[in-house]
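Coordinates from target_31.cif are shown below (mmCIF, C-alpha atoms).
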data_protein
#
loop_
_atom_site.label_atom_id
_atom_site.label_comp_id
_atom_site.auth_asym_id
_atom_site.auth_seq_id
_atom_site.Cartn_x
_atom_site.Cartn_y
_atom_site.Cartn_z
CA MET B 239 0.62 20.89 -9.05
CA GLU B 240 3.40 23.22 -7.88
CA SER B 241 2.35 22.85 -4.24
CA PHE B 242 2.37 19.07 -4.53
CA ASP B 243 5.85 19.17 -6.04
CA ARG B 244 7.03 21.20 -3.06
CA ALA B 245 5.42 18.77 -0.63
CA LEU B 246 7.03 15.77 -2.27
CA ARG B 247 10.44 17.43 -2.39
CA THR B 248 10.32 17.86 1.37
CA ALA B 249 8.77 14.45 1.98
CA CYS B 250 11.43 12.65 -0.01
CA ALA B 251 14.53 14.77 -0.48
CA GLY B 252 16.51 11.67 -1.43
CA ALA B 253 14.22 11.12 -4.41
CA ALA B 254 14.37 14.68 -5.76
CA LEU B 255 15.19 13.28 -9.19
CA LEU B 256 11.47 12.58 -9.55
CA LEU B 257 10.36 16.08 -8.88
CA GLY B 258 11.38 18.23 -11.76
CA SER B 259 14.76 17.05 -12.99
CA LEU B 260 13.83 13.62 -14.35
CA ALA B 261 13.23 14.79 -17.90
CA ALA B 262 16.54 16.69 -17.92
CA VAL B 263 18.53 13.72 -16.66
CA GLN B 264 16.77 11.17 -18.85
CA PRO B 265 15.62 13.08 -21.96
CA ALA B 266 14.14 9.97 -23.58
CA LEU B 267 11.41 9.94 -20.96
CA ALA B 268 10.26 13.39 -21.99
CA THR B 269 8.54 11.84 -25.02
CA GLY B 270 6.55 9.09 -23.38
CA ILE B 271 5.85 6.43 -20.79
CA PRO B 272 8.18 3.41 -21.14
CA ASN B 273 7.51 -0.30 -20.48
CA LEU B 274 9.82 -0.06 -17.45
CA PHE B 275 8.75 1.95 -14.38
CA ALA B 276 11.14 4.86 -14.82
CA SER B 277 11.39 6.17 -11.27
CA ALA B 278 12.22 2.78 -9.73
CA VAL B 279 15.50 2.80 -7.86
CA ALA B 280 16.03 -0.85 -8.80
CA ILE B 281 14.04 -3.63 -10.48
CA ASP B 282 15.23 -7.18 -9.84
CA LYS B 283 13.33 -9.28 -12.36
CA ALA B 284 14.94 -12.56 -11.27
CA ASN B 285 13.88 -12.15 -7.63
CA ARG B 286 10.71 -10.21 -8.48
CA THR B 287 11.43 -7.20 -6.31
CA VAL B 288 11.26 -3.48 -6.98
CA THR B 289 12.77 -0.66 -4.93
CA LEU B 290 10.78 2.55 -5.11
CA PRO B 291 11.09 6.08 -3.75
CA LEU B 292 9.29 6.45 -0.44
CA PHE B 293 7.23 9.51 0.48
CA ARG B 294 6.23 10.84 3.86
CA GLY B 295 2.79 12.25 4.62
CA THR B 296 0.34 12.68 7.47
CA GLY B 297 -2.73 10.65 8.33
CA PRO B 298 -6.13 11.93 9.46
CA ARG B 299 -5.09 12.06 13.13
CA GLY B 300 -1.74 13.71 12.42
CA GLN B 301 0.15 10.42 12.47
CA GLU B 302 3.11 9.82 10.16
CA VAL B 303 2.27 7.93 6.96
CA PHE B 304 4.60 6.55 4.29
CA PHE B 305 3.38 6.02 0.74
CA ILE B 306 4.56 5.27 -2.79
CA LEU B 307 3.56 7.06 -6.00
CA THR B 308 2.81 4.92 -9.07
CA GLU B 309 0.29 6.73 -11.31
CA SER B 310 -0.89 10.18 -12.32
CA SER B 311 -3.89 10.95 -14.51
CA ASP B 312 -1.94 13.85 -16.05
CA TYR B 313 0.47 12.96 -18.87
CA GLN B 314 3.13 15.64 -18.35
CA ASP B 315 3.05 15.04 -14.60
CA ALA B 316 3.49 11.28 -15.10
CA VAL B 317 6.41 11.77 -17.50
CA LYS B 318 8.11 14.22 -15.16
CA ARG B 319 7.82 11.90 -12.18
CA GLY B 320 8.72 8.73 -14.10
CA ILE B 321 5.49 6.99 -13.14
CA ASN B 322 2.64 5.36 -15.04
CA TRP B 323 0.11 7.52 -16.85
CA SER B 324 -3.54 6.56 -16.38
CA PRO B 325 -5.99 9.18 -17.71
CA LYS B 326 -8.92 6.86 -16.92
CA LEU B 327 -8.48 7.50 -13.19
CA VAL B 328 -10.31 10.83 -13.52
CA HIS B 329 -13.58 8.93 -13.94
CA ALA B 330 -13.39 7.95 -10.26
CA LEU B 331 -13.37 11.59 -9.11
CA GLY B 332 -16.32 12.39 -6.89
CA THR B 333 -16.59 8.82 -5.59
CA PRO B 334 -15.16 7.30 -2.38
CA ALA B 335 -12.61 5.53 -4.62
CA VAL B 336 -10.60 8.79 -4.59
CA GLN B 337 -9.77 10.31 -1.23
CA LEU B 338 -9.28 14.04 -0.81
CA ALA B 339 -5.81 15.12 0.31
CA ARG B 340 -4.21 18.49 0.89
CA VAL B 341 -0.72 19.92 1.05
CA GLN B 342 0.10 21.01 4.56
CA SER B 343 2.77 22.99 6.34
CA GLU B 344 2.64 22.68 10.10
CA ARG B 345 4.77 22.12 13.15
CA SER B 346 5.03 18.46 14.01
CA GLY B 347 5.60 18.71 17.76
CA LYS B 348 8.04 15.80 17.84
CA ALA B 349 9.99 14.99 21.02
CA ASN B 350 13.27 16.18 19.54
CA GLY B 351 11.89 19.67 18.94
CA ASP B 352 9.36 21.24 16.65
CA ARG B 353 10.30 21.39 13.03
CA LEU B 354 8.47 22.79 10.04
CA ARG B 355 7.12 19.91 8.01
CA HIS B 356 5.63 20.10 4.52
CA GLY B 357 3.73 17.04 3.37
CA VAL B 358 0.55 15.45 2.09
CA ARG B 359 -2.32 15.31 4.59
CA PHE B 360 -4.56 12.30 3.85
CA SER B 361 -8.22 11.91 4.79
CA GLY B 362 -7.76 8.19 5.45
CA THR B 363 -5.11 5.55 6.08
CA VAL B 364 -4.66 1.87 7.00
CA ASP B 365 -4.46 -0.30 10.11
CA PHE B 366 -1.54 -2.65 9.41
CA SER B 367 -1.63 -4.32 12.83
CA LYS B 368 -3.97 -7.27 12.19
CA PRO B 369 -2.73 -10.71 11.04
CA ARG B 370 -3.50 -12.04 7.57
CA VAL B 371 -5.48 -15.30 7.52
CA VAL B 372 -5.80 -17.49 4.40
CA VAL B 373 -7.96 -20.62 4.80
CA PRO B 374 -8.31 -22.74 1.64
CA GLY B 375 -11.77 -24.02 0.76
CA PRO B 376 -12.60 -27.66 -0.10
CA ASP B 377 -11.34 -27.05 -3.67
CA LEU B 378 -8.77 -24.45 -2.53
CA VAL B 379 -10.77 -21.72 -4.31
CA PRO B 380 -13.25 -20.33 -3.32
CA LEU B 381 -11.52 -19.65 -0.02
CA ASP B 382 -13.11 -20.49 3.31
CA PRO B 383 -15.15 -17.54 4.70
CA ALA B 384 -12.73 -17.37 7.64
CA THR B 385 -10.16 -15.88 5.27
CA HIS B 386 -9.47 -12.19 5.75
CA ALA B 387 -6.82 -9.62 4.94
CA GLY B 388 -4.39 -8.37 7.57
CA PRO B 389 -4.22 -4.63 6.81
CA VAL B 390 -7.62 -2.92 6.73
CA ALA B 391 -8.36 0.58 5.42
CA ASP B 392 -10.44 3.07 7.36
CA SER B 393 -13.66 4.50 5.92
CA HIS B 394 -11.87 7.35 4.10
CA TYR B 395 -8.83 5.54 2.67
CA SER B 396 -8.22 4.78 -0.95
CA PRO B 397 -4.81 4.53 -2.63
CA MET B 398 -6.16 7.01 -5.19
CA PHE B 399 -6.14 10.62 -4.04
CA THR B 400 -6.62 14.14 -5.37
CA PHE B 401 -6.00 17.70 -4.24
CA GLY B 402 -9.21 18.83 -5.93
CA ASP B 403 -7.42 20.09 -9.03
CA GLY B 404 -8.74 17.39 -11.38
CA ILE B 405 -5.61 15.22 -11.17
CA VAL B 406 -5.79 11.76 -9.59
CA TYR B 407 -2.71 10.07 -8.11
CA ASN B 408 -2.24 6.46 -7.10
CA GLY B 409 -0.33 6.50 -3.82
CA ALA B 410 -0.77 3.33 -1.80
CA HIS B 411 0.18 3.56 1.88
CA VAL B 412 2.94 1.15 2.82
CA ALA B 413 3.61 2.01 6.49
CA ASN B 414 2.43 4.04 9.45
CA GLU B 415 2.43 3.80 13.25
CA THR B 416 0.44 0.54 13.11
CA GLY B 417 2.91 -1.42 10.98
CA VAL B 418 4.14 -2.12 7.44
CA HIS B 419 2.45 -3.46 4.30
CA GLY B 420 2.77 -7.23 3.89
CA LYS B 421 4.45 -6.91 0.48
CA VAL B 422 7.27 -4.75 1.87
CA LEU B 423 10.61 -6.59 2.02
CA ALA B 424 12.83 -3.67 3.07
CA PHE B 425 12.00 -0.25 4.46
CA ASP B 426 14.76 2.38 4.48
CA GLU B 427 13.61 5.59 6.12
CA GLU B 428 17.14 7.06 6.02
CA HIS B 429 17.36 6.85 2.23
CA MET B 430 13.58 7.03 1.75
CA THR B 431 13.22 3.86 -0.29
CA VAL B 432 11.04 0.79 0.03
CA THR B 433 11.51 -2.63 -1.57
CA ILE B 434 8.32 -4.46 -2.53
CA ARG B 435 7.65 -7.96 -3.78
CA MET B 436 6.29 -8.04 -7.33
CA THR B 437 3.81 -10.48 -8.86
CA ALA B 438 4.35 -12.15 -12.23
CA GLY B 439 1.75 -12.18 -14.99
CA PHE B 440 1.33 -11.93 -18.75
CA TYR B 441 0.31 -9.43 -21.42
CA LEU B 442 0.03 -10.48 -25.09
CA GLY B 443 2.36 -13.41 -24.45
CA ARG B 444 4.94 -11.20 -22.76
CA ASP B 445 6.12 -11.29 -19.15
CA VAL B 446 4.72 -8.69 -16.75
CA LEU B 447 5.79 -7.81 -13.21
CA TYR B 448 3.46 -5.70 -11.09
CA ILE B 449 2.89 -4.77 -7.48
CA SER B 450 -0.42 -5.59 -5.82
CA THR B 451 -1.17 -3.19 -2.98
CA ASP B 452 -4.94 -3.01 -2.34
CA ALA B 453 -8.15 -4.94 -3.04
CA SER B 454 -11.83 -4.14 -2.53
CA VAL B 455 -12.74 -7.59 -1.11
CA THR B 456 -11.07 -8.99 1.99
CA GLN B 457 -10.60 -12.55 0.66
CA ILE B 458 -8.93 -11.28 -2.51
CA ALA B 459 -6.78 -8.93 -0.44
CA ALA B 460 -5.75 -11.95 1.64
CA ILE B 461 -4.71 -13.90 -1.49
CA GLU B 462 -2.76 -10.87 -2.72
CA ASN B 463 -1.26 -10.09 0.72
CA ALA B 464 -2.68 -6.61 0.20
CA ILE B 465 -4.74 -3.96 1.98
CA TYR B 466 -8.48 -4.51 2.25
CA ALA B 467 -9.68 -1.18 0.83
CA PRO B 468 -13.46 -1.43 0.25
CA ASN B 469 -13.70 2.09 -1.20
CA LEU B 470 -12.08 0.81 -4.39
CA ALA B 471 -15.41 -0.86 -5.20
CA TYR B 472 -16.81 2.60 -6.01
CA ALA B 473 -14.44 3.02 -8.96
CA PRO B 474 -16.54 2.93 -12.14
CA VAL B 475 -17.45 0.69 -13.93
CA ALA B 476 -17.60 -3.05 -13.17
CA GLY B 477 -17.54 -5.03 -16.40
CA ASN B 478 -16.87 -1.94 -18.51
CA ASP B 479 -13.41 -0.72 -19.55
CA ASP B 480 -14.56 2.00 -21.97
CA PRO B 481 -11.96 4.79 -21.53
CA SER B 482 -14.65 7.45 -21.92
CA VAL B 483 -16.50 6.40 -18.74
CA SER B 484 -14.50 3.79 -16.84
CA SER B 485 -11.58 3.99 -14.42
CA ARG B 486 -11.10 0.19 -14.50
CA LEU B 487 -9.35 -2.32 -16.73
CA PRO B 488 -9.80 -6.11 -16.67
CA ILE B 489 -7.33 -8.55 -15.20
CA ILE B 490 -8.06 -12.19 -15.96
CA PRO B 491 -7.22 -14.81 -13.35
CA VAL B 492 -7.59 -18.48 -14.30
CA VAL B 493 -9.25 -20.31 -11.43
CA ASN B 494 -8.30 -23.91 -12.20
CA GLY B 495 -5.23 -23.89 -14.41
CA PRO B 496 -2.63 -26.68 -14.45
CA MET B 497 -0.94 -27.31 -11.09
CA GLY B 498 2.48 -28.49 -9.96
CA VAL B 499 5.53 -26.46 -8.90
CA GLY B 500 7.68 -27.94 -11.64
CA ASN B 501 4.98 -27.88 -14.30
CA PRO B 502 5.89 -25.40 -17.09
CA GLN B 503 2.16 -24.99 -17.78
CA ARG B 504 1.33 -24.12 -14.14
CA GLN B 505 -1.15 -21.28 -13.64
CA GLY B 506 -4.16 -20.28 -11.59
CA LEU B 507 -5.69 -19.21 -8.31
CA ARG B 508 -5.85 -22.76 -6.96
CA SER B 509 -2.17 -23.18 -7.67
CA ALA B 510 -1.40 -19.92 -5.87
CA VAL B 511 -3.48 -20.83 -2.81
CA ALA B 512 -1.70 -24.20 -2.73
CA GLY B 513 1.58 -22.30 -2.37
CA GLU B 514 2.96 -23.21 -5.79
CA GLY B 515 3.67 -19.62 -6.90
CA ASP B 516 2.02 -16.55 -8.36
CA PRO B 517 -1.33 -17.09 -10.10
CA LEU B 518 0.11 -15.74 -13.38
CA ASN B 519 -2.88 -13.57 -14.27
CA ILE B 520 -3.40 -12.04 -17.69
CA ILE B 521 -3.71 -8.25 -17.99
CA ARG B 522 -5.74 -6.46 -20.65
CA GLU B 523 -3.47 -3.45 -21.27
CA GLU B 524 -0.11 -1.88 -20.33
CA PRO B 525 0.78 1.74 -19.42
CA GLU B 526 3.29 2.26 -22.25
CA CYS B 527 2.90 5.37 -24.40
CA SER B 528 5.33 6.80 -26.95
CA ASP B 529 3.03 9.63 -28.09
CA PRO B 530 -0.33 10.49 -26.46
CA ASN B 531 -1.45 12.18 -29.69
CA VAL B 532 -1.22 8.89 -31.57
CA PRO B 533 -3.71 6.48 -29.96
CA ALA B 534 -2.31 3.49 -31.87
CA SER B 535 1.02 3.95 -30.08
CA CYS B 536 -0.42 4.80 -26.68
CA SER B 537 -1.74 1.85 -24.71
CA ALA B 538 -1.92 4.07 -21.62
CA LEU B 539 -5.07 5.74 -22.98
CA GLN B 540 -6.88 2.53 -22.01
CA TYR B 541 -4.66 1.54 -19.08
CA SER B 542 -5.62 1.71 -15.41
CA PRO B 543 -4.07 0.16 -12.28
CA MET B 544 -7.64 -0.39 -11.00
CA TRP B 545 -7.88 -3.96 -12.21
CA ASP B 546 -11.43 -5.26 -12.69
CA VAL B 547 -11.12 -8.92 -11.71
CA THR B 548 -12.63 -10.97 -14.57
CA PRO B 549 -11.97 -14.65 -13.77
CA VAL B 550 -12.28 -17.63 -16.08
CA ALA B 551 -12.25 -21.39 -15.50
CA TRP B 552 -11.46 -24.37 -17.68
CA THR B 553 -14.46 -26.62 -18.35
CA GLN B 554 -14.34 -30.26 -17.40
CA GLN B 555 -14.72 -31.07 -21.08
CA ALA B 556 -11.56 -29.10 -21.86
CA ILE B 557 -9.66 -30.82 -19.04
CA ASP B 558 -10.79 -34.28 -20.18
CA ALA B 559 -9.81 -33.43 -23.76
CA GLY B 560 -6.31 -32.37 -22.71
CA GLN B 561 -6.87 -28.76 -23.74
CA ARG B 562 -5.92 -27.19 -20.41
CA ARG B 563 -2.65 -25.22 -20.53
CA ARG B 564 -1.07 -21.94 -19.54
CA ILE B 565 -2.75 -18.88 -21.10
CA THR B 566 -0.65 -15.75 -21.68
CA SER B 567 -2.90 -13.40 -23.67
CA HIS B 568 -6.39 -11.95 -23.26
CA GLN B 569 -6.90 -12.62 -26.96
CA ASP B 570 -6.19 -16.30 -26.33
CA VAL B 571 -8.69 -16.23 -23.45
CA GLU B 572 -11.33 -14.83 -25.79
CA ALA B 573 -10.65 -17.53 -28.41
CA LEU B 574 -10.89 -20.29 -25.79
CA PHE B 575 -14.07 -18.70 -24.40
CA ASN B 576 -15.68 -18.59 -27.84
CA ALA B 577 -14.67 -22.22 -28.41
CA GLY B 578 -16.31 -23.23 -25.14
CA TRP B 579 -13.11 -24.47 -23.50
CA VAL B 580 -13.19 -21.80 -20.76
CA VAL B 581 -16.17 -20.11 -19.11
CA SER B 582 -16.65 -17.09 -16.93
CA ALA B 583 -15.99 -17.91 -13.28
CA ALA B 584 -18.27 -15.03 -12.24
CA PRO B 585 -21.44 -16.05 -14.12
CA SER B 586 -23.69 -13.53 -12.36
CA GLY B 587 -21.34 -10.58 -12.81
CA PRO B 588 -21.72 -7.77 -15.37
CA GLU B 589 -20.81 -8.73 -18.92
CA ASN B 590 -17.97 -6.96 -20.68
CA PHE B 591 -18.58 -5.74 -24.23
CA ASP B 592 -14.94 -4.96 -25.00
CA PRO B 593 -14.56 -6.71 -28.40
CA GLU B 594 -11.32 -8.40 -27.30
CA ILE B 595 -12.90 -10.00 -24.20
CA ARG B 596 -16.58 -9.87 -25.16
CA GLY B 597 -18.82 -12.00 -22.99
CA LEU B 598 -16.44 -12.38 -20.04
CA ARG B 599 -17.99 -11.31 -16.74
CA ALA B 600 -16.50 -9.23 -13.95
CA ALA B 601 -16.48 -10.50 -10.37
CA GLU B 602 -17.08 -6.94 -9.07
CA VAL B 603 -13.70 -6.93 -7.33
CA VAL B 604 -11.07 -4.21 -7.82
CA VAL B 605 -7.36 -4.81 -7.20
CA ASN B 606 -4.76 -2.01 -7.33
CA CYS B 607 -1.90 -3.44 -9.43
CA PRO B 608 0.56 -0.99 -11.02
CA PRO B 609 2.92 -2.67 -13.52
CA MET B 610 6.64 -2.13 -12.93
CA PHE B 611 7.92 -4.03 -15.97
CA VAL B 612 6.36 -5.25 -19.20
CA ALA B 613 8.61 -7.16 -21.57
CA PRO B 614 8.89 -5.36 -24.92
CA PRO B 615 7.55 -6.98 -28.11
CA GLN B 616 9.94 -9.40 -29.76
#
How does this structure look as structure tokens?
Amino acid sequence: MESFDRALRTACAGAALLLGSLAAVQPALATGIPNLFASAVAIDKANRTVTLPLFRGTGPRGQEVFFILTESSDYQDAVKRGINWSPKLVHALGTPAVQLARVQSERSGKANGDRLRHGVRFSGTVDFSKPRVVVPGPDLVPLDPATHAGPVADSHYSPMFTFGDGIVYNGAHVANETGVHGKVLAFDEEHMTVTIRMTAGFYLGRDVLYISTDASVTQIAAIENAIYAPNLAYAPVAGNDDPSVSSRLPIIPVVNGPMGVGNPQRQGLRSAVAGEGDPLNIIREEPECSDPNVPASCSALQYSPMWDVTPVAWTQQAIDAGQRRRITSHQDVEALFNAGWVVSAAPSGPENFDPEIRGLRAAEVVVNCPPMFVAPPQ
């Protein structure tokens, strides 16, 4: 832990607030994980952008890599850094879903003279050079097979990484010598910040804004304008969000929700592919935690940014009966599912036995989506 702190201090001197002094400057954070991503430089909810500290590391060939830091599996570490806490990430240790990294100190050999550089050395990184291609299918979704993501991860990359000390970090790569992540709106190497477009969604009827950085399937990565990172598929367990064994948590997209840019009920993957706006997915849990010793007040015990895509679709009967509308809660999804108005859109996927979404089936797709803002309860 101490060596990683030292590496991050050097990698991002402008963001030193994260690396030891956060709790002293903002004492309230010392007692928990808030609904708002604490280390964000700025969150613009109206324009759906977030500006985050940027970190510098090294790729497998010694190339310069820039990454963000959004989760830690260790509570005190997460509080100190002002990032999300996700203890479930440890269940992915030992799988390709977590890449091995190390802290390095070596001479860089740059043209302007050697300089001692401390940083994180990654096993894998991303090729950002390819174009993103999204080709709608006959019904918009499913997409045409010609669809593919632009950025593609190498065989060792995952946004999740560890130094072998039992702690897992979520640190998506956002730039390297090949280019910049498609969600990046502004990249400031001088001040070591990056501005990223957020995606809107819902949790228990409340507004959510999250960033979507990686996906395990190329077509889903293309929809999300994210990195195709197939190693995420190894994160356990598809269709199972049990915090004792799983590193995943469901996210529920609606395939065929109401459409129309001006429609207040608009929602769904088809709407998003048609260019009407975000799909407005429903998340199962948030990373908030006021006290990790009191499970009832600590949603983060179940939270993970490794979203297990669990899609649903309105039945034709529901559409004909005028039942179709915007859904903003997983509990509402479950009630509609039990009433027969919506069905699983991944009928051959593994069934989830979580009592709040029992019977819904996972599509066996993982998307890395750290929340930046969750509206507090009214």
Seminar exercise, completed: Min atom-atom distance to B:Ala387 from the set B:Ile461, B:Val612, B:Cys607, B:Ala476, counting only C-alpha atoms, belongs to B:Ile461
What does the PyMOL selection byres ((chain B and resi 597) around 12) select in this file, as an mmCIF file with C-alpha atoms, in the coordinates of the input?
data_model
loop_
_atom_site.group_PDB
_atom_site.id
_atom_site.type_symbol
_atom_site.label_atom_id
_atom_site.label_comp_id
_atom_site.auth_asym_id
_atom_site.auth_seq_id
_atom_site.Cartn_x
_atom_site.Cartn_y
_atom_site.Cartn_z
ATOM 1 C CA GLY B 477 -17.540 -5.030 -16.400
ATOM 2 C CA ASN B 478 -16.870 -1.940 -18.510
ATOM 3 C CA THR B 548 -12.630 -10.970 -14.570
ATOM 4 C CA PRO B 549 -11.970 -14.650 -13.770
ATOM 5 C CA VAL B 550 -12.280 -17.630 -16.080
ATOM 6 C CA VAL B 571 -8.690 -16.230 -23.450
ATOM 7 C CA GLU B 572 -11.330 -14.830 -25.790
ATOM 8 C CA ALA B 573 -10.650 -17.530 -28.410
ATOM 9 C CA LEU B 574 -10.890 -20.290 -25.790
ATOM 10 C CA PHE B 575 -14.070 -18.700 -24.400
ATOM 11 C CA ASN B 576 -15.680 -18.590 -27.840
ATOM 12 C CA GLY B 578 -16.310 -23.230 -25.140
ATOM 13 C CA VAL B 580 -13.190 -21.800 -20.760
ATOM 14 C CA VAL B 581 -16.170 -20.110 -19.110
ATOM 15 C CA SER B 582 -16.650 -17.090 -16.930
ATOM 16 C CA ALA B 583 -15.990 -17.910 -13.280
ATOM 17 C CA ALA B 584 -18.270 -15.030 -12.240
ATOM 18 C CA PRO B 585 -21.440 -16.050 -14.120
ATOM 19 C CA SER B 586 -23.690 -13.530 -12.360
ATOM 20 C CA GLY B 587 -21.340 -10.580 -12.810
ATOM 21 C CA PRO B 588 -21.720 -7.770 -15.370
ATOM 22 C CA GLU B 589 -20.810 -8.730 -18.920
ATOM 23 C CA ASN B 590 -17.970 -6.960 -20.680
ATOM 24 C CA PHE B 591 -18.580 -5.740 -24.230
ATOM 25 C CA ASP B 592 -14.940 -4.960 -25.000
ATOM 26 C CA PRO B 593 -14.560 -6.710 -28.400
ATOM 27 C CA GLU B 594 -11.320 -8.400 -27.300
ATOM 28 C CA ILE B 595 -12.900 -10.000 -24.200
ATOM 29 C CA ARG B 596 -16.580 -9.870 -25.160
ATOM 30 C CA LEU B 598 -16.440 -12.380 -20.040
ATOM 31 C CA ARG B 599 -17.990 -11.310 -16.740
ATOM 32 C CA ALA B 600 -16.500 -9.230 -13.950
#
Exercise. For the file shown, what are the residues hit by the PyMOL selection byres ((chain B and resi 325) around 8), laid out as a list of chain:residue names?
Worked result: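 The output of the PyMOL selection byres ((chain B and resi 325) around 8) on this file is B:Ser310, B:Ser311, B:Asp312, B:Tyr313, B:Trp323, B:Ser324, B:Lys326, B:Leu327, B:Val328, B:Ala538, B:Leu539, B:Gln540, B:Tyr541, B:Ser542.
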Store the residues picked out above, limited to C-alpha atoms, as a PDB file, in the coordinates of the input.
ATOM      1  CA  SER B 310      -0.890  10.180 -12.320  1.00  0.00           C
ATOM      2  CA  SER B 311      -3.890  10.950 -14.510  1.00  0.00           C
ATOM      3  CA  ASP B 312      -1.940  13.850 -16.050  1.00  0.00           C
ATOM      4  CA  TYR B 313       0.470  12.960 -18.870  1.00  0.00           C
ATOM      5  CA  TRP B 323       0.110   7.520 -16.850  1.00  0.00           C
ATOM      6  CA  SER B 324      -3.540   6.560 -16.380  1.00  0.00           C
ATOM      7  CA  LYS B 326      -8.920   6.860 -16.920  1.00  0.00           C
ATOM      8  CA  LEU B 327      -8.480   7.500 -13.190  1.00  0.00           C
ATOM      9  CA  VAL B 328     -10.310  10.830 -13.520  1.00  0.00           C
ATOM     10  CA  ALA B 538      -1.920   4.070 -21.620  1.00  0.00           C
ATOM     11  CA  LEU B 539      -5.070   5.740 -22.980  1.00  0.00           C
ATOM     12  CA  GLN B 540      -6.880   2.530 -22.010  1.00  0.00           C
ATOM     13  CA  TYR B 541      -4.660   1.540 -19.080  1.00  0.00           C
ATOM     14  CA  SER B 542      -5.620   1.710 -15.410  1.00  0.00           C
TER      15      SER B 542
END
Exercise. Between B:Gly332, B:Pro496, B:Trp545, B:Gln616, which one has atoms that come closest to B:Gly560, using only C-alpha atoms?
Worked result: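 That would be B:Pro496, the residue with the smallest distance to B:Gly560.
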Problem set entry | Output check: residues returned by the PyMOL selection byres ((chain B and resi 528) around 6), as a ChimeraX atom specification | /B:270,527,529
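Distances here use all atoms listed in the file; by that measure, the residue among B:Val493, B:Val446, B:Leu274, B:Ala601 closest to B:Leu378 is B:Val493.
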For this session: Work out how far apart atom CA of B:Ala413 and atom CA of B:Leu292 are and give it in Å to one decimal.
Result: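 Separating atom CA of B:Ala413 from atom CA of B:Leu292 is a distance of 10.0 Å.
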Problem set entry | Pick from B:Val372, B:Val406, B:Ile321, B:Ala459 nearest to B:Gly513, counting all atoms listed in the file | B:Val372
Problem set entry | Option closest in space to B:Ala510, from B:Ile434, B:Val412, B:Val605, B:Leu381 [counting all atoms listed in the file] | B:Leu381
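Counting only C-alpha atoms and comparing B:Gly297, B:Pro609, B:Pro272, B:Gly495, the residue that lies closest to B:Thr437 is B:Pro609.
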Problem set entry | Residues near B:Tyr472, cut-off 9 Å, only C-alpha atoms, skip fewer than 5 positions along chain, as a VMD selection string | chain B and resid 330 333 to 336
Problem set entry | Contact residues around B:Pro608 with all atoms listed in the file at 10 Å, ignoring same-chain residues under 4 positions, as a ChimeraX atom specification | /B:275,307-309,321-322,408,436,447-451,524-525,541-545
Centre and size of axis-aligned box enclosing stretch 430-435 of chain B plus 5 Å each side, as AutoDock Vina command-line options:
--center_x 10.6 --center_y -0.5 --center_z -1.0 --size_x 15.9 --size_y 25.0 --size_z 15.5
For this session: Mind checking which residues fall within 9 Å of stretch 337-340 of chain B, counting only C-alpha atoms, ignoring those fewer than 6 positions away in the same chain, and posting them as a ChimeraX atom specification?
Result: /B:242,331,357-362,394-402
